[in-house]
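final_17.cif follows (mmCIF, C-alpha atoms):
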```cif
data_entry
loop_
_atom_site.group_PDB
_atom_site.id
_atom_site.type_symbol
_atom_site.label_atom_id
_atom_site.label_comp_id
_atom_site.auth_asym_id
_atom_site.auth_seq_id
_atom_site.Cartn_x
_atom_site.Cartn_y
_atom_site.Cartn_z
ATOM 1 C CA MET A 1 40.802 22.022 -8.923
ATOM 2 C CA LYS A 2 40.103 21.714 -5.198
ATOM 3 C CA ASN A 3 36.701 23.372 -5.679
ATOM 4 C CA ILE A 4 35.756 20.830 -8.339
ATOM 5 C CA LEU A 5 36.812 17.983 -6.055
ATOM 6 C CA VAL A 6 34.765 19.395 -3.153
ATOM 7 C CA ILE A 7 31.684 19.812 -5.363
ATOM 8 C CA PHE A 8 32.116 16.279 -6.721
ATOM 9 C CA LEU A 9 32.389 14.815 -3.208
ATOM 10 C CA LEU A 10 29.353 16.750 -1.975
ATOM 11 C CA LEU A 11 27.223 15.633 -4.896
ATOM 12 C CA PHE A 12 28.029 11.956 -4.524
ATOM 13 C CA SER A 13 28.290 11.709 -0.750
ATOM 14 C CA HIS A 14 24.836 13.245 -0.190
ATOM 15 C CA GLY A 15 23.025 10.251 -1.674
ATOM 16 C CA SER A 16 25.370 7.639 -0.296
ATOM 17 C CA ALA A 17 23.353 6.811 2.839
ATOM 18 C CA ALA A 18 21.825 3.405 2.255
ATOM 19 C CA GLU A 19 18.069 3.107 2.537
ATOM 20 C CA LYS A 20 17.061 -0.094 4.276
ATOM 21 C CA TYR A 21 13.673 -1.459 5.360
ATOM 22 C CA VAL A 22 13.683 -4.206 7.990
ATOM 23 C CA CYS A 23 10.280 -5.862 7.798
ATOM 24 C CA SER A 24 8.675 -8.306 10.249
ATOM 25 C CA TYR A 25 5.619 -10.518 9.935
ATOM 26 C CA PHE A 26 3.982 -13.528 11.596
ATOM 27 C CA ILE A 27 3.202 -16.936 10.124
ATOM 28 C CA ASP A 28 1.617 -19.462 12.495
ATOM 29 C CA ASP A 29 2.690 -17.396 15.542
ATOM 30 C CA GLU A 30 6.330 -17.371 14.413
ATOM 31 C CA VAL A 31 8.081 -14.057 13.676
ATOM 32 C CA PHE A 32 10.001 -13.676 10.428
ATOM 33 C CA ASN A 33 12.344 -10.805 9.565
ATOM 34 C CA GLU A 34 13.761 -9.755 6.235
ATOM 35 C CA SER A 35 15.378 -6.606 4.939
ATOM 36 C CA TYR A 36 15.264 -4.697 1.684
ATOM 37 C CA GLU A 37 18.252 -2.401 1.085
ATOM 38 C CA ARG A 38 18.612 0.008 -1.809
ATOM 39 C CA SER A 39 21.544 -0.824 -4.027
ATOM 40 C CA GLY A 40 21.574 1.528 -7.001
ATOM 41 C CA PRO A 41 18.488 0.919 -9.151
ATOM 42 C CA VAL A 42 17.284 -2.146 -7.163
ATOM 43 C CA PHE A 43 16.650 -3.328 -3.616
ATOM 44 C CA VAL A 44 18.492 -6.380 -2.283
ATOM 45 C CA LYS A 45 16.453 -8.708 -0.072
ATOM 46 C CA THR A 46 18.338 -10.302 2.813
ATOM 47 C CA ILE A 47 17.113 -12.994 5.200
ATOM 48 C CA ASN A 48 19.278 -14.039 8.173
ATOM 49 C CA ASP A 49 22.292 -12.161 6.758
ATOM 50 C CA LEU A 50 22.064 -14.068 3.456
ATOM 51 C CA THR A 51 21.335 -12.230 0.223
ATOM 52 C CA GLU A 52 18.248 -13.847 -1.246
ATOM 53 C CA SER A 53 17.285 -11.795 -4.298
ATOM 54 C CA GLN A 54 17.170 -8.449 -6.077
ATOM 55 C CA TRP A 55 13.887 -6.560 -6.366
ATOM 56 C CA GLU A 56 13.118 -4.089 -9.124
ATOM 57 C CA ILE A 57 11.627 -0.722 -8.183
ATOM 58 C CA VAL A 58 8.315 -0.585 -10.034
ATOM 59 C CA PHE A 59 6.982 2.612 -8.425
ATOM 60 C CA GLU A 60 8.203 5.089 -5.825
ATOM 61 C CA ASN A 61 7.166 8.420 -4.385
ATOM 62 C CA ASP A 62 7.296 10.023 -0.919
ATOM 63 C CA ARG A 63 4.395 7.827 0.349
ATOM 64 C CA ALA A 64 5.056 4.371 -1.060
ATOM 65 C CA ILE A 65 7.450 2.096 -2.844
ATOM 66 C CA THR A 66 6.533 -0.975 -4.891
ATOM 67 C CA LEU A 67 9.127 -3.685 -5.477
ATOM 68 C CA GLN A 68 8.820 -6.703 -7.756
ATOM 69 C CA ALA A 69 10.826 -9.909 -8.234
ATOM 70 C CA THR A 70 10.347 -12.742 -10.701
ATOM 71 C CA TYR A 71 11.905 -16.168 -10.266
ATOM 72 C CA ALA A 72 11.997 -18.150 -13.514
ATOM 73 C CA TRP A 73 15.516 -19.517 -13.998
ATOM 74 C CA ASN A 74 14.969 -23.124 -12.833
ATOM 75 C CA PRO A 75 13.155 -25.193 -15.492
ATOM 76 C CA ALA A 76 12.144 -27.747 -12.836
ATOM 77 C CA VAL A 77 10.212 -25.130 -10.835
ATOM 78 C CA ALA A 78 7.195 -23.152 -12.019
ATOM 79 C CA PRO A 79 7.913 -19.422 -12.457
ATOM 80 C CA LYS A 80 6.693 -17.070 -9.747
ATOM 81 C CA SER A 81 6.415 -13.320 -9.375
ATOM 82 C CA LEU A 82 6.170 -11.441 -6.075
ATOM 83 C CA THR A 83 5.293 -7.828 -5.344
ATOM 84 C CA ILE A 84 5.807 -5.915 -2.108
ATOM 85 C CA LEU A 85 4.180 -2.567 -1.361
ATOM 86 C CA ILE A 86 5.846 -0.591 1.435
ATOM 87 C CA ASP A 87 3.850 2.268 2.928
ATOM 88 C CA LYS A 88 6.526 4.837 3.826
ATOM 89 C CA VAL A 89 4.122 6.866 5.965
ATOM 90 C CA LYS A 90 2.699 4.029 8.115
ATOM 91 C CA ASN A 91 5.883 1.886 7.966
ATOM 92 C CA THR A 92 3.880 -1.181 6.970
ATOM 93 C CA PHE A 93 4.064 -3.580 4.054
ATOM 94 C CA VAL A 94 1.993 -6.090 2.149
ATOM 95 C CA ARG A 95 3.394 -8.768 -0.175
ATOM 96 C CA GLY A 96 1.727 -11.212 -2.509
ATOM 97 C CA GLY A 97 2.221 -12.845 -5.848
ATOM 98 C CA LEU A 98 1.612 -15.670 -8.239
ATOM 99 C CA LYS A 99 3.292 -18.956 -8.851
ATOM 100 C CA TYR A 100 2.386 -20.056 -12.349
ATOM 101 C CA LYS A 101 -1.408 -20.605 -12.168
ATOM 102 C CA VAL A 102 -1.385 -20.564 -8.332
ATOM 103 C CA PRO A 103 -1.864 -17.482 -6.101
ATOM 104 C CA ILE A 104 0.646 -16.976 -3.290
ATOM 105 C CA ASP A 105 -0.669 -16.045 0.152
ATOM 106 C CA VAL A 106 -0.581 -12.381 1.110
ATOM 107 C CA THR A 107 1.866 -11.465 3.867
ATOM 108 C CA GLU A 108 1.709 -8.196 5.788
ATOM 109 C CA GLY A 109 3.565 -6.607 8.654
ATOM 110 C CA ILE A 110 5.598 -3.667 9.860
ATOM 111 C CA CYS A 111 8.875 -2.182 8.635
ATOM 112 C CA THR A 112 11.552 -0.188 10.387
ATOM 113 C CA VAL A 113 13.612 2.220 8.312
ATOM 114 C CA VAL A 114 17.348 1.982 8.934
ATOM 115 C CA ASN A 115 19.597 4.626 7.345
#
```
Would you put the structure from the file into structure tokens?
Amino acid sequence: MKNILVIFLLLFSHGSAAEKYVCSYFIDDEVFNESYERSGPVFVKTINDLTESQWEIVFENDRAITLQATYAWNPAVAPKSLTILIDKVKNTFVRGGLKYKVPIDVTEGICTVVN
């Protein structure tokens, strides 16, 4: 019984380290920071210690990860969809998207991996 418990703990504790990307970018000479932390099958975006949204993992391998979020719950606001591509090798990112019928500016910057 103890052996089964040890094996169970080893299996589930190995993957328990959270994967977090803290990304920075400039807009009009002002620095902005946001983080994307893995939480099961999604990443949670946080800005200034406030959870902002959940991002679906669209693609991932050892070189890159692509996350996507769609905002369409408020009938008074046009739907929008954003995509972020994180380069795991260069520790950089690029993000862009569409608001219904309107492109959203591309943002790019650097990311720091925090485990």
*Tell me, as a list in words, which residues lie within 10 Å of Asp87 of chain A, counting all atoms listed in the file; anything in the same chain fewer than 6 positions away does not count.*
Asp62, Arg63, Ala64, Ile65, Thr66, Phe93, Val94, Ile110 and Cys111 of chain A
*Could you please determine the separation between atom CA of Glu52 of chain A and atom CA of Leu98 of chain A in Å, to one decimal place?*
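Rounded to one decimal, the two atoms are 18.1 Å apart.
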_Spatial neighbours of segment 31-42 of chain A, max dist 8 Å, all atoms listed in the file, sep filter under 4 positions, as a PyMOL selection string_ = chain A and resi 18-27+46-48+54-57
*To one decimal in Å, tell me the separation between atom CA of Thr92 of chain A and atom CA of Tyr71 of chain A.*
24.2 Å
*asked:* Here is a test: counting only C-alpha atoms, which residue of A:Lys99, A:Asp105, A:Lys45, A:Glu60 is nearest to Ala72 of chain A?
replied: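 The answer is A:Lys99, which sits nearest to Ala72 of chain A.
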*Of the listed residues A:Pro79, A:Glu30, A:Asn61, A:Trp73, that which approaches Val102 of chain A most closely, counting all atoms listed in the file*: A:Pro79
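Of note, atom CA of Thr107 of chain A and atom CA of Val77 of chain A are spaced 21.7 Å apart.
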*Hey, what comes out of the PyMOL selection byres ((chain A and resi 70) around 7) on this file? Could you write it as a ChimeraX atom specification?*
/A:68-69,71-72,80-82
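For the set A:Leu67, A:Thr51, A:Val106, A:Thr112, the residue with the smallest atom-to-atom gap to Thr83 of chain A is A:Leu67, counting only C-alpha atoms.
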*Pick from A:Phe59, A:Ala78, A:Val44, A:Ile84 nearest to Tyr100 of chain A, counting all atoms listed in the file*: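 For Tyr100 of chain A, the nearest of the given residues is A:Ala78.
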